[in-house]
$ cat query.txt   # compact mmCIF, C-alpha atoms
# COMPACT_ATOMS: atom_id res chain seq x y z
CA MET A 1 0.00 0.00 0.00
CA THR A 2 2.43 2.61 -1.24
CA ALA A 3 2.11 5.62 -3.51
CA THR A 4 4.81 6.72 -5.88
CA CYS A 5 5.23 10.41 -5.25
CA PRO A 6 8.04 12.03 -7.30
CA GLN A 7 10.01 14.89 -5.86
CA PRO A 8 8.65 18.37 -6.69
CA ALA A 9 9.85 19.81 -9.98
CA ARG A 10 11.67 23.11 -10.29
CA PRO A 11 9.91 26.31 -11.40
CA SER A 12 9.66 26.85 -15.14
CA GLU A 13 12.03 29.30 -16.77
CA GLY A 14 10.64 32.83 -16.70
CA PHE A 15 8.38 32.25 -13.70
CA VAL A 16 8.24 35.31 -11.48
CA ASP A 17 9.61 34.17 -8.12
CA GLY A 18 8.53 36.33 -5.20
CA THR A 19 10.10 36.26 -1.76
CA VAL A 20 9.57 32.72 -0.52
CA SER A 21 10.62 31.42 2.88
CA ILE A 22 9.54 28.80 5.37
CA ASP A 23 7.48 31.43 7.19
CA ARG A 24 6.09 33.08 4.06
CA PRO A 25 5.27 30.66 1.24
CA ARG A 26 4.10 32.17 -2.01
CA VAL A 27 1.24 29.79 -2.90
CA THR A 28 -0.55 27.22 -0.76
CA ALA A 29 -2.57 24.45 -2.38
CA VAL A 30 -5.55 23.21 -0.33
CA ILE A 31 -6.98 19.75 -0.96
CA THR A 32 -9.60 17.98 1.12
CA THR A 33 -10.06 14.22 0.85
CA TYR A 34 -12.58 11.66 1.98
CA ASN A 35 -12.49 7.95 1.12
CA GLY A 36 -10.66 8.56 -2.13
CA ALA A 37 -7.81 6.04 -1.93
CA ASP A 38 -8.03 5.26 -5.66
CA HIS A 39 -7.22 8.87 -6.49
CA VAL A 40 -4.34 9.50 -4.06
CA PRO A 41 -1.47 8.15 -6.21
CA GLY A 42 -2.51 10.32 -9.17
CA LEU A 43 -2.99 13.30 -6.87
CA CYS A 44 0.53 12.95 -5.49
CA GLU A 45 2.01 12.73 -8.97
CA ARG A 46 0.15 15.84 -10.13
CA LEU A 47 1.18 17.84 -7.06
CA ALA A 48 4.83 16.82 -7.47
CA ALA A 49 4.76 18.28 -10.99
CA MET A 50 3.67 21.72 -9.73
CA PRO A 51 6.77 23.80 -8.90
CA ALA A 52 4.79 27.01 -8.37
CA VAL A 53 3.20 25.55 -5.23
CA ASP A 54 5.33 26.16 -2.13
CA GLU A 55 3.03 24.65 0.49
CA ILE A 56 0.36 21.95 0.27
CA VAL A 57 -2.27 21.54 2.97
CA ILE A 58 -4.14 18.24 2.67
CA TYR A 59 -7.03 17.77 5.06
CA ASP A 60 -8.43 14.25 5.24
CA ASP A 61 -11.98 14.37 6.56
CA ALA A 62 -11.89 11.16 8.65
CA SER A 63 -11.63 8.68 5.79
CA SER A 64 -12.37 5.05 6.68
CA ASP A 65 -10.45 3.55 3.75
CA ALA A 66 -6.73 3.53 2.89
CA THR A 67 -6.64 7.26 2.08
CA PRO A 68 -4.84 8.40 5.28
CA ALA A 69 -2.07 5.80 4.93
CA LEU A 70 -1.50 6.66 1.28
CA LEU A 71 -1.40 10.36 2.10
CA GLU A 72 1.11 9.77 4.87
CA ASP A 73 3.38 8.02 2.38
CA CYS A 74 2.97 10.91 -0.05
CA ALA A 75 3.71 13.49 2.66
CA ALA A 76 6.89 11.61 3.59
CA ARG A 77 8.10 12.04 0.01
CA ASP A 78 7.10 15.68 -0.48
CA PRO A 79 8.28 18.13 2.21
CA ARG A 80 5.79 20.77 1.07
CA ILE A 81 2.84 18.70 2.31
CA LYS A 82 1.22 19.47 5.65
CA LEU A 83 -1.12 16.54 6.29
CA LEU A 84 -4.08 16.98 8.65
CA LEU A 85 -6.02 13.85 9.64
CA ALA A 86 -9.43 14.63 11.16
CA SER A 87 -10.86 12.42 13.90
CA HIS A 88 -14.45 13.01 12.79
CA ASN A 89 -16.11 14.04 9.55
CA LYS A 90 -16.90 17.75 9.09
CA GLY A 91 -18.10 17.77 5.50
CA VAL A 92 -16.38 19.54 2.62
CA ALA A 93 -17.21 23.06 3.84
CA GLY A 94 -15.94 22.44 7.37
CA ALA A 95 -12.86 20.65 6.02
CA ARG A 96 -11.97 23.61 3.80
CA ASN A 97 -12.47 26.09 6.63
CA GLU A 98 -10.22 24.05 8.91
CA ALA A 99 -7.56 23.63 6.20
CA LEU A 100 -7.49 27.40 5.66
CA THR A 101 -6.41 27.98 9.26
CA HIS A 102 -3.16 26.13 8.46
CA CYS A 103 -2.35 28.05 5.25
CA ARG A 104 0.65 30.39 5.34
CA GLY A 105 0.81 31.25 1.65
CA GLU A 106 0.17 34.69 0.25
CA PHE A 107 -2.19 33.05 -2.25
CA VAL A 108 -4.43 29.98 -1.96
CA TRP A 109 -5.51 27.48 -4.60
CA PHE A 110 -8.18 24.83 -3.96
CA ALA A 111 -8.30 21.55 -5.88
CA ASP A 112 -10.33 18.33 -5.77
CA PRO A 113 -8.22 15.15 -5.53
CA ASP A 114 -10.09 13.28 -8.27
CA ASP A 115 -9.92 16.03 -10.91
CA LEU A 116 -7.33 16.79 -13.59
CA TRP A 117 -5.44 20.00 -14.19
CA SER A 118 -2.58 21.54 -16.08
CA PRO A 119 0.69 21.38 -14.11
CA ARG A 120 0.98 25.10 -14.92
CA VAL A 121 -2.41 26.12 -13.49
CA VAL A 122 -0.95 27.86 -10.42
CA GLU A 123 2.01 29.23 -12.37
CA VAL A 124 -0.23 30.87 -14.98
CA LEU A 125 -2.67 32.28 -12.43
CA TYR A 126 0.09 33.54 -10.15
CA GLN A 127 1.82 35.30 -13.04
CA ALA A 128 -1.49 36.97 -13.94
CA LEU A 129 -1.81 38.25 -10.36
CA VAL A 130 1.76 39.56 -10.37
CA ASP A 131 1.23 41.34 -13.69
CA SER A 132 -2.17 42.84 -12.79
CA GLY A 133 -1.99 43.38 -9.03
CA ALA A 134 -5.43 41.78 -8.73
CA ASP A 135 -6.67 39.76 -5.75
CA ILE A 136 -8.26 36.91 -7.71
CA ALA A 137 -7.11 35.15 -10.87
CA VAL A 138 -9.51 32.99 -12.91
CA GLY A 139 -8.64 30.52 -15.65
CA ARG A 140 -11.06 28.55 -17.79
CA ALA A 141 -12.36 25.21 -16.52
CA GLU A 142 -14.14 22.35 -18.26
CA GLN A 143 -16.27 19.46 -17.06
CA ARG A 144 -16.60 15.93 -18.37
CA ARG A 145 -17.70 12.50 -17.24
CA PRO A 146 -15.02 9.86 -16.62
CA ASP A 147 -16.43 7.61 -19.37
CA ARG A 148 -16.54 10.33 -22.02
CA GLU A 149 -13.94 12.27 -23.96
CA HIS A 150 -16.21 15.25 -24.67
CA ALA A 151 -15.86 18.12 -22.23
CA ALA A 152 -17.77 21.39 -21.90
CA VAL A 153 -16.26 24.67 -20.74
CA ILE A 154 -18.08 25.65 -17.55
CA ASP A 155 -16.25 28.70 -16.21
CA GLY A 156 -13.98 31.57 -17.17
CA LEU A 157 -13.63 33.97 -20.08
CA ASP A 158 -12.16 33.27 -23.52
CA ARG A 159 -10.16 36.50 -23.38
CA ARG A 160 -7.82 38.22 -20.97
CA ALA A 161 -9.59 40.87 -18.90
CA THR A 162 -9.46 42.59 -15.52
CA GLN A 163 -12.62 43.54 -13.64
CA ASP A 164 -13.12 45.55 -10.48
CA ARG A 165 -15.32 44.19 -7.68
CA ALA A 166 -18.54 45.49 -9.25
CA GLY A 167 -17.62 44.02 -12.63
CA THR A 168 -16.77 40.68 -11.05
CA LEU A 169 -20.11 40.55 -9.25
CA GLU A 170 -21.90 41.29 -12.51
CA LEU A 171 -20.06 38.39 -14.17
CA MET A 172 -21.30 36.16 -11.35
CA LEU A 173 -24.82 37.45 -11.88
CA THR A 174 -24.74 36.60 -15.58
CA GLY A 175 -23.03 33.23 -15.13
CA ALA A 176 -19.78 34.16 -16.87
CA MET A 177 -18.03 33.43 -13.57
CA HIS A 178 -19.23 30.59 -11.37
CA GLY A 179 -18.55 29.63 -7.78
CA TYR A 180 -16.05 26.89 -8.51
CA LEU A 181 -12.86 27.25 -6.49
CA TRP A 182 -10.44 25.04 -8.38
CA ASN A 183 -9.81 27.33 -11.40
CA LYS A 184 -9.08 30.36 -9.21
CA LEU A 185 -6.09 31.66 -7.26
CA LEU A 186 -7.09 33.78 -4.26
CA ARG A 187 -5.14 36.30 -2.20
CA ARG A 188 -5.14 34.90 1.34
CA SER A 189 -5.65 38.31 2.99
CA ILE A 190 -9.11 38.76 1.42
CA ILE A 191 -10.43 35.35 2.50
CA PRO A 192 -12.60 35.84 5.60
CA THR A 193 -12.55 33.49 8.58
CA SER A 194 -14.55 30.32 7.84
CA PRO A 195 -15.93 31.56 4.50
CA PHE A 196 -17.71 28.32 3.65
CA PRO A 197 -21.08 27.79 5.36
CA PRO A 198 -22.13 24.29 6.54
CA MET A 199 -24.02 23.38 3.36
CA ARG A 200 -23.80 20.01 1.61
CA SER A 201 -23.79 21.78 -1.74
CA GLN A 202 -23.13 25.32 -3.01
CA SER A 203 -20.89 26.25 -0.05
CA ASP A 204 -18.15 27.09 -2.56
CA PHE A 205 -20.39 29.67 -4.27
CA VAL A 206 -21.24 31.41 -1.01
CA GLY A 207 -17.61 31.31 0.08
CA LEU A 208 -16.36 32.75 -3.20
CA LEU A 209 -19.01 35.47 -3.07
CA ARG A 210 -17.79 36.49 0.38
CA ILE A 211 -14.23 36.57 -0.94
CA VAL A 212 -15.17 38.67 -3.99
CA GLU A 213 -16.95 41.09 -1.64
CA ARG A 214 -13.57 41.80 0.01
CA SER A 215 -11.56 41.92 -3.22
CA GLY A 216 -10.30 44.85 -5.27
CA SER A 217 -10.19 43.27 -8.71
CA THR A 218 -10.17 39.98 -10.62
CA VAL A 219 -8.00 39.06 -13.60
CA PHE A 220 -9.18 36.51 -16.15
CA VAL A 221 -6.87 34.45 -18.36
CA PRO A 222 -8.19 32.50 -21.37
CA ASP A 223 -6.06 29.39 -20.73
CA LEU A 224 -8.00 26.15 -20.16
CA LEU A 225 -6.35 24.99 -16.93
CA TYR A 226 -8.68 22.66 -15.03
CA THR A 227 -10.87 19.64 -15.83
CA HIS A 228 -13.57 18.78 -13.32
CA ILE A 229 -14.60 15.12 -13.51
CA GLU A 230 -18.33 14.73 -12.94
CA ARG A 231 -18.70 11.42 -11.13
CA PRO A 232 -21.88 9.50 -10.20
CA GLY A 233 -23.17 10.53 -6.81
CA SER A 234 -21.48 13.92 -6.91
CA ILE A 235 -22.70 16.02 -3.97
CA THR A 236 -23.62 18.89 -6.29
CA ARG A 237 -25.99 16.56 -8.15
CA ALA A 238 -27.96 15.46 -5.08
CA ALA A 239 -31.45 16.88 -4.73
CA GLU A 240 -31.63 16.82 -0.95
CA ASP A 241 -31.27 20.32 0.50
CA GLN A 242 -30.53 21.68 -2.97
CA VAL A 243 -33.46 24.10 -3.16
CA GLU A 244 -32.70 25.65 0.23
CA ASN A 245 -28.99 25.87 -0.56
CA LEU A 246 -29.73 27.64 -3.83
CA ARG A 247 -32.05 29.98 -1.96
CA GLN A 248 -29.26 30.79 0.51
CA CYS A 249 -26.91 31.57 -2.39
CA ALA A 250 -29.43 33.97 -3.89
CA ALA A 251 -29.99 35.61 -0.49
CA THR A 252 -26.22 36.02 -0.02
CA MET A 253 -25.89 37.60 -3.46
CA GLU A 254 -28.72 40.02 -2.64
CA SER A 255 -27.05 40.92 0.65
CA VAL A 256 -23.68 41.53 -1.01
CA LEU A 257 -25.24 43.76 -3.67
CA ALA A 258 -27.19 45.68 -1.02
CA GLU A 259 -24.05 46.22 1.09
CA ALA A 260 -22.29 47.56 -1.98
CA GLY A 261 -25.22 49.89 -2.76
CA SER A 262 -25.64 48.17 -6.13
CA LEU A 263 -28.94 46.34 -5.69
CA LYS A 264 -31.02 48.94 -7.54
CA LYS A 265 -28.43 49.40 -10.27
CA CYS A 266 -28.15 45.62 -10.75
CA ALA A 267 -31.89 44.94 -10.49
CA GLU A 268 -32.22 43.41 -13.96
CA PRO A 269 -29.05 41.26 -13.82
CA PHE A 270 -30.05 40.11 -10.33
CA GLN A 271 -33.49 39.09 -11.56
CA TYR A 272 -31.80 37.17 -14.38
CA PHE A 273 -29.51 35.54 -11.79
CA LYS A 274 -32.46 34.41 -9.69
CA VAL A 275 -33.95 32.73 -12.75
CA TRP A 276 -30.94 30.83 -14.14
CA PHE A 277 -29.20 30.14 -10.82
CA PHE A 278 -32.15 29.50 -8.52
CA ALA A 279 -35.55 29.08 -10.19
CA ILE A 280 -34.79 26.65 -13.03
CA PRO A 281 -32.41 24.46 -10.95
CA ALA A 282 -34.96 24.46 -8.09
CA ALA A 283 -37.56 23.09 -10.50
CA ASN A 284 -35.33 20.68 -12.43
CA THR A 285 -32.89 19.22 -9.89
CA PRO A 286 -35.46 17.17 -7.91
CA LEU A 287 -36.90 15.86 -11.17
CA ARG A 288 -33.50 15.06 -12.69
CA THR A 289 -32.35 13.15 -9.61
CA GLY A 290 -35.59 11.25 -9.02
CA ALA A 291 -36.40 12.95 -5.71
CA SER A 292 -39.71 12.52 -3.89
CA ALA A 293 -42.91 14.06 -5.23
CA GLU A 294 -42.99 16.36 -2.20
CA LEU A 295 -39.51 17.71 -2.93
CA ALA A 296 -40.39 18.11 -6.61
CA ARG A 297 -43.50 20.14 -5.71
CA SER A 298 -41.46 22.28 -3.34
CA GLY A 299 -38.98 23.01 -6.12
CA ILE A 300 -41.71 23.94 -8.59
CA ASP A 301 -43.35 26.26 -6.04
CA ALA A 302 -40.01 27.97 -5.30
CA ALA A 303 -39.35 28.43 -9.02
CA LEU A 304 -42.81 29.83 -9.70
CA ALA A 305 -42.42 32.37 -6.89
CA VAL A 306 -39.46 33.82 -8.82
CA VAL A 307 -40.68 33.67 -12.41
CA LYS A 308 -44.06 35.18 -11.50
CA GLU A 309 -42.18 38.35 -10.51
CA LEU A 310 -40.67 38.82 -13.96
CA SER A 311 -41.72 41.92 -15.85
CA PHE A 312 -42.25 42.07 -19.61
CA ARG A 313 -38.84 43.73 -19.87
CA ASN A 314 -37.29 40.86 -17.89
CA HIS A 315 -38.80 38.34 -20.31
CA ILE A 316 -37.45 40.25 -23.30
CA HIS A 317 -34.00 40.39 -21.72
CA ILE A 318 -33.96 36.63 -21.02
CA ALA A 319 -35.38 35.74 -24.44
CA THR A 320 -32.68 37.82 -26.11
CA SER A 321 -29.71 36.65 -24.06
CA ALA A 322 -30.77 33.06 -23.28
CA PRO A 323 -33.67 31.85 -25.47
CA ARG A 324 -33.66 28.30 -24.06
CA LEU A 325 -33.90 29.67 -20.55
CA GLU A 326 -36.95 31.74 -21.51
CA VAL A 327 -38.57 28.62 -22.98
CA GLN A 328 -38.17 26.89 -19.61
CA VAL A 329 -39.57 29.94 -17.83
CA MET A 330 -42.64 29.95 -20.06
CA CYS A 331 -43.13 26.21 -19.56
CA LEU A 332 -43.13 26.76 -15.81
CA LEU A 333 -45.64 29.60 -16.05
CA VAL A 334 -47.98 27.72 -18.40
CA LEU A 335 -47.72 24.15 -17.09
CA ARG A 336 -47.26 24.82 -13.36
CA GLY A 337 -48.37 21.60 -11.62
CA ALA A 338 -48.08 19.67 -14.88
CA TYR A 339 -44.44 20.68 -15.31
CA PRO A 340 -43.00 17.47 -13.76
CA ALA A 341 -44.92 15.25 -16.17
CA ALA A 342 -43.85 17.37 -19.14
CA TYR A 343 -40.22 17.32 -17.93
CA ARG A 344 -40.19 13.53 -17.69
CA ALA A 345 -41.83 13.16 -21.10
CA ALA A 346 -39.24 15.46 -22.68
CA LYS A 347 -36.43 13.55 -20.96
CA ALA A 348 -37.74 10.23 -22.28
CA LEU A 349 -38.04 11.67 -25.79
CA ARG A 350 -34.45 12.92 -25.70
CA ALA A 351 -33.28 9.47 -24.61
CA LYS A 352 -35.06 7.83 -27.55
CA ILE A 353 -33.55 10.30 -30.00
CA ARG A 354 -30.05 9.63 -28.65
CA ALA A 355 -30.59 5.89 -28.86
CA LYS A 356 -31.41 6.14 -32.58
CA ARG A 357 -28.26 8.11 -33.40
$ encode --input "query.txt" --output "structure tokens"
Amino acid sequence: MTATCPQPARPSEGFVDGTVSIDRPRVTAVITTYNGADHVPGLCERLAAMPAVDEIVIYDDASSDATPALLEDCAARDPRIKLLLASHNKGVAGARNEALTHCRGEFVWFADPDDLWSPRVVEVLYQALVDSGADIAVGRAEQRRPDREHAAVIDGLDRRATQDRAGTLELMLTGAMHGYLWNKLLRRSIIPTSPFPPMRSQSDFVGLLRIVERSGSTVFVPDLLYTHIERPGSITRAAEDQVENLRQCAATMESVLAEAGSLKKCAEPFQYFKVWFFAIPAANTPLRTGASAELARSGIDAALAVVKELSFRNHIHIATSAPRLEVQVMCLLVLRGAYPAAYRAAKALRAKIRAKR
């Protein structure tokens, strides 16, 4: 039960090297694990190939499999690793909050142990921060299933750009920037204490929103740097608690905009946000995951409460910028209680069409 963990590589030529010491690392990587023994050897190899990372904090959330032993072997081979073994499970949000208390780096990068990424992800994002003076750097990320080669870009911009706090919040409202942590490098000084609330899903979005609230600016690089592997049983795909978690995200966004005095100015983008981020997922997630009829009804009711508020101007805006989203909105408004049956019928029809191809 051993993991081959090569020694860390040296920084690439041309990499801007700031003042790095034992007491002041430049970049800390944060990884939380739980019963992921199959992924530890690959994780150790990927981390060893990342010279821009000076410190690695791995927090194991009380795994019951071979994960802790494999991580201990990896830590013995890589002096940058600070391994924390929890005695009881805290969940991903609690694990991240605890790991943050052990970070000494000027910048922090979060990664999931079972994902894939470019060995230059931190190097590219760090260089962007050095060049721009921003607090947050964002690269593009894609998502794919482990049994498929096709991947879809899910976050980031296809061009280099720098946005102030207001511009970054607007990108979050429109969906150009999502709450994923792994394709972002964050200045440690702007991360509040325990930024991630105890939610089984969407805690990363709320945490990132709190971080953006304290930031000065965000720099975007067009490089595709991270691949998120969507695995069966992913916590973000579970229906339980999803509607309430989405509601909490929307409430946090409203609070942040109000604190910034931007709620009135961003009224239309915020309404759009409530539709694509909250209403449609609230209606569809219970149906997609086969949740109970009660949970499905609760999701439909929550979605209707939002879309009923839309003005004619809101509908025009959505139809222009996201026609498929407006179709779903209209289906909700017209079908209401019959929406679940129509959703399942459409899903079955799509499956038949795929089967014939």
$ residues_near_point --input "query.txt" --point "(-22.1, 38.8, -12.3)" --cutoff "12 Å" --atoms "all atoms listed in the file" --output "VMD selection string"
chain A and resid 156 163 to 179 209 212 253 to 254 256 to 257 262 266 to 274 277
$ closest_atom_pairs --input "query.txt" --of "stretch 55-164 of chain A" --to "stretch 223-231 of chain A" --cutoff "10 Å" --atoms "only C-alpha atoms" --output "CSV"
residue,atom,partner,partner_atom,distance
A:Ala111,CA,A:Tyr226,CA,9.2
A:Asp112,CA,A:His228,CA,8.2
A:Asp114,CA,A:Ile229,CA,7.2
A:Asp115,CA,A:His228,CA,5.2
A:Leu116,CA,A:Thr227,CA,5.1
A:Trp117,CA,A:Tyr226,CA,4.3
A:Ser118,CA,A:Leu225,CA,5.2
A:Pro119,CA,A:Leu225,CA,8.4
A:Arg120,CA,A:Leu225,CA,7.6
A:Val121,CA,A:Leu225,CA,5.4
A:Val122,CA,A:Leu225,CA,8.9
A:Val124,CA,A:Asp223,CA,8.3
A:Leu125,CA,A:Leu225,CA,9.3
A:Val138,CA,A:Asp223,CA,9.3
A:Gly139,CA,A:Asp223,CA,5.8
A:Arg140,CA,A:Leu224,CA,4.6
A:Ala141,CA,A:Tyr226,CA,4.7
A:Glu142,CA,A:Thr227,CA,4.9
A:Gln143,CA,A:His228,CA,4.7
A:Arg144,CA,A:Ile229,CA,5.3
A:Arg145,CA,A:Glu230,CA,4.9
A:Pro146,CA,A:Ile229,CA,6.1
A:Asp147,CA,A:Arg231,CA,9.4
A:Arg148,CA,A:Ile229,CA,10.0
A:Ala151,CA,A:Thr227,CA,8.3
A:Ala152,CA,A:Thr227,CA,9.4
A:Val153,CA,A:Leu224,CA,8.4
A:Ile154,CA,A:His228,CA,9.2
A:Asp155,CA,A:Leu224,CA,9.5
A:Gly156,CA,A:Leu224,CA,8.6
A:Leu157,CA,A:Asp223,CA,8.9
A:Asp158,CA,A:Asp223,CA,7.7
A:Arg159,CA,A:Asp223,CA,8.6
A:Arg160,CA,A:Asp223,CA,9.0
$ write_last_selection --input "query.txt" --atoms "C-alpha atoms" --output "PDB file, in the frame of the given file"
ATOM      1  CA  ALA A 111      -8.300  21.550  -5.880  1.00  0.00           C
ATOM      2  CA  ASP A 112     -10.330  18.330  -5.770  1.00  0.00           C
ATOM      3  CA  ASP A 114     -10.090  13.280  -8.270  1.00  0.00           C
ATOM      4  CA  ASP A 115      -9.920  16.030 -10.910  1.00  0.00           C
ATOM      5  CA  LEU A 116      -7.330  16.790 -13.590  1.00  0.00           C
ATOM      6  CA  TRP A 117      -5.440  20.000 -14.190  1.00  0.00           C
ATOM      7  CA  SER A 118      -2.580  21.540 -16.080  1.00  0.00           C
ATOM      8  CA  PRO A 119       0.690  21.380 -14.110  1.00  0.00           C
ATOM      9  CA  ARG A 120       0.980  25.100 -14.920  1.00  0.00           C
ATOM     10  CA  VAL A 121      -2.410  26.120 -13.490  1.00  0.00           C
ATOM     11  CA  VAL A 122      -0.950  27.860 -10.420  1.00  0.00           C
ATOM     12  CA  VAL A 124      -0.230  30.870 -14.980  1.00  0.00           C
ATOM     13  CA  LEU A 125      -2.670  32.280 -12.430  1.00  0.00           C
ATOM     14  CA  VAL A 138      -9.510  32.990 -12.910  1.00  0.00           C
ATOM     15  CA  GLY A 139      -8.640  30.520 -15.650  1.00  0.00           C
ATOM     16  CA  ARG A 140     -11.060  28.550 -17.790  1.00  0.00           C
ATOM     17  CA  ALA A 141     -12.360  25.210 -16.520  1.00  0.00           C
ATOM     18  CA  GLU A 142     -14.140  22.350 -18.260  1.00  0.00           C
ATOM     19  CA  GLN A 143     -16.270  19.460 -17.060  1.00  0.00           C
ATOM     20  CA  ARG A 144     -16.600  15.930 -18.370  1.00  0.00           C
ATOM     21  CA  ARG A 145     -17.700  12.500 -17.240  1.00  0.00           C
ATOM     22  CA  PRO A 146     -15.020   9.860 -16.620  1.00  0.00           C
ATOM     23  CA  ASP A 147     -16.430   7.610 -19.370  1.00  0.00           C
ATOM     24  CA  ARG A 148     -16.540  10.330 -22.020  1.00  0.00           C
ATOM     25  CA  ALA A 151     -15.860  18.120 -22.230  1.00  0.00           C
ATOM     26  CA  ALA A 152     -17.770  21.390 -21.900  1.00  0.00           C
ATOM     27  CA  VAL A 153     -16.260  24.670 -20.740  1.00  0.00           C
ATOM     28  CA  ILE A 154     -18.080  25.650 -17.550  1.00  0.00           C
ATOM     29  CA  ASP A 155     -16.250  28.700 -16.210  1.00  0.00           C
ATOM     30  CA  GLY A 156     -13.980  31.570 -17.170  1.00  0.00           C
ATOM     31  CA  LEU A 157     -13.630  33.970 -20.080  1.00  0.00           C
ATOM     32  CA  ASP A 158     -12.160  33.270 -23.520  1.00  0.00           C
ATOM     33  CA  ARG A 159     -10.160  36.500 -23.380  1.00  0.00           C
ATOM     34  CA  ARG A 160      -7.820  38.220 -20.970  1.00  0.00           C
TER      35      ARG A 160
END
$ atom_distance --input "query.txt" --atom1 "atom CA of A:Asp301" --atom2 "atom CA of A:Thr252"
20.6 Å
$ closest_residue --input "query.txt" --among "A:Arg288, A:Val40, A:Val57, A:Pro113" --to "A:Arg344" --atoms "all atoms listed in the file"
A:Arg288
$ residues_around --input "query.txt" --residues "A:Pro195" --least-positions-apart "3" --cutoff "9 Å" --atoms "all atoms listed in the file" --output "PyMOL selection string"
chain A and resi 93+96-97+191-192+203-204+206-208+210-211
$ atom_distance --input "query.txt" --atom1 "atom CA of A:Ser63" --atom2 "atom CA of A:Asn35"
4.8 Å
$ closest_residue --input "query.txt" --among "A:Cys74, A:Ala52, A:Ala338, A:Ala161" --to "A:Ser132" --atoms "only C-alpha atoms"
A:Ala161
$ closest_residue --input "query.txt" --among "A:Ala99, A:Met199, A:Val27, A:Val130" --to "A:Asp60" --atoms "all atoms listed in the file"
A:Ala99
$ closest_residue --input "query.txt" --among "A:Ala351, A:Leu129, A:Arg80, A:Ala303" --to "A:Cys331" --atoms "only C-alpha atoms"
A:Ala303
$ atom_distance --input "query.txt" --atom1 "atom CA of A:Ile31" --atom2 "atom CA of A:Trp109"
8.7 Å
$ closest_residue --input "query.txt" --among "A:Ile316, A:Leu304, A:Leu325, A:Ala137" --to "A:Gly337" --atoms "all atoms listed in the file"
A:Leu304
$ closest_residue --input "query.txt" --among "A:Pro340, A:Gly105, A:Gly91, A:Pro41" --to "A:Asp73" --atoms "all atoms listed in the file"
A:Pro41
$ residues_around --input "query.txt" --residues "stretch 283-286 of chain A" --least-positions-apart "5" --cutoff "10 Å" --atoms "all atoms listed in the file" --output "NGL selection string"
:A and (236-243 or 278 or 291-304 or 328 or 332 or 339-340 or 343)
$ write_last_selection --input "query.txt" --atoms "C-alpha atoms" --output "PDB file, keeping the file's coordinate frame"
ATOM      1  CA  THR A 236     -23.620  18.890  -6.290  1.00  0.00           C
ATOM      2  CA  ARG A 237     -25.990  16.560  -8.150  1.00  0.00           C
ATOM      3  CA  ALA A 238     -27.960  15.460  -5.080  1.00  0.00           C
ATOM      4  CA  ALA A 239     -31.450  16.880  -4.730  1.00  0.00           C
ATOM      5  CA  GLU A 240     -31.630  16.820  -0.950  1.00  0.00           C
ATOM      6  CA  ASP A 241     -31.270  20.320   0.500  1.00  0.00           C
ATOM      7  CA  GLN A 242     -30.530  21.680  -2.970  1.00  0.00           C
ATOM      8  CA  VAL A 243     -33.460  24.100  -3.160  1.00  0.00           C
ATOM      9  CA  PHE A 278     -32.150  29.500  -8.520  1.00  0.00           C
ATOM     10  CA  ALA A 291     -36.400  12.950  -5.710  1.00  0.00           C
ATOM     11  CA  SER A 292     -39.710  12.520  -3.890  1.00  0.00           C
ATOM     12  CA  ALA A 293     -42.910  14.060  -5.230  1.00  0.00           C
ATOM     13  CA  GLU A 294     -42.990  16.360  -2.200  1.00  0.00           C
ATOM     14  CA  LEU A 295     -39.510  17.710  -2.930  1.00  0.00           C
ATOM     15  CA  ALA A 296     -40.390  18.110  -6.610  1.00  0.00           C
ATOM     16  CA  ARG A 297     -43.500  20.140  -5.710  1.00  0.00           C
ATOM     17  CA  SER A 298     -41.460  22.280  -3.340  1.00  0.00           C
ATOM     18  CA  GLY A 299     -38.980  23.010  -6.120  1.00  0.00           C
ATOM     19  CA  ILE A 300     -41.710  23.940  -8.590  1.00  0.00           C
ATOM     20  CA  ASP A 301     -43.350  26.260  -6.040  1.00  0.00           C
ATOM     21  CA  ALA A 302     -40.010  27.970  -5.300  1.00  0.00           C
ATOM     22  CA  ALA A 303     -39.350  28.430  -9.020  1.00  0.00           C
ATOM     23  CA  LEU A 304     -42.810  29.830  -9.700  1.00  0.00           C
ATOM     24  CA  GLN A 328     -38.170  26.890 -19.610  1.00  0.00           C
ATOM     25  CA  LEU A 332     -43.130  26.760 -15.810  1.00  0.00           C
ATOM     26  CA  TYR A 339     -44.440  20.680 -15.310  1.00  0.00           C
ATOM     27  CA  PRO A 340     -43.000  17.470 -13.760  1.00  0.00           C
ATOM     28  CA  TYR A 343     -40.220  17.320 -17.930  1.00  0.00           C
TER      29      TYR A 343
END
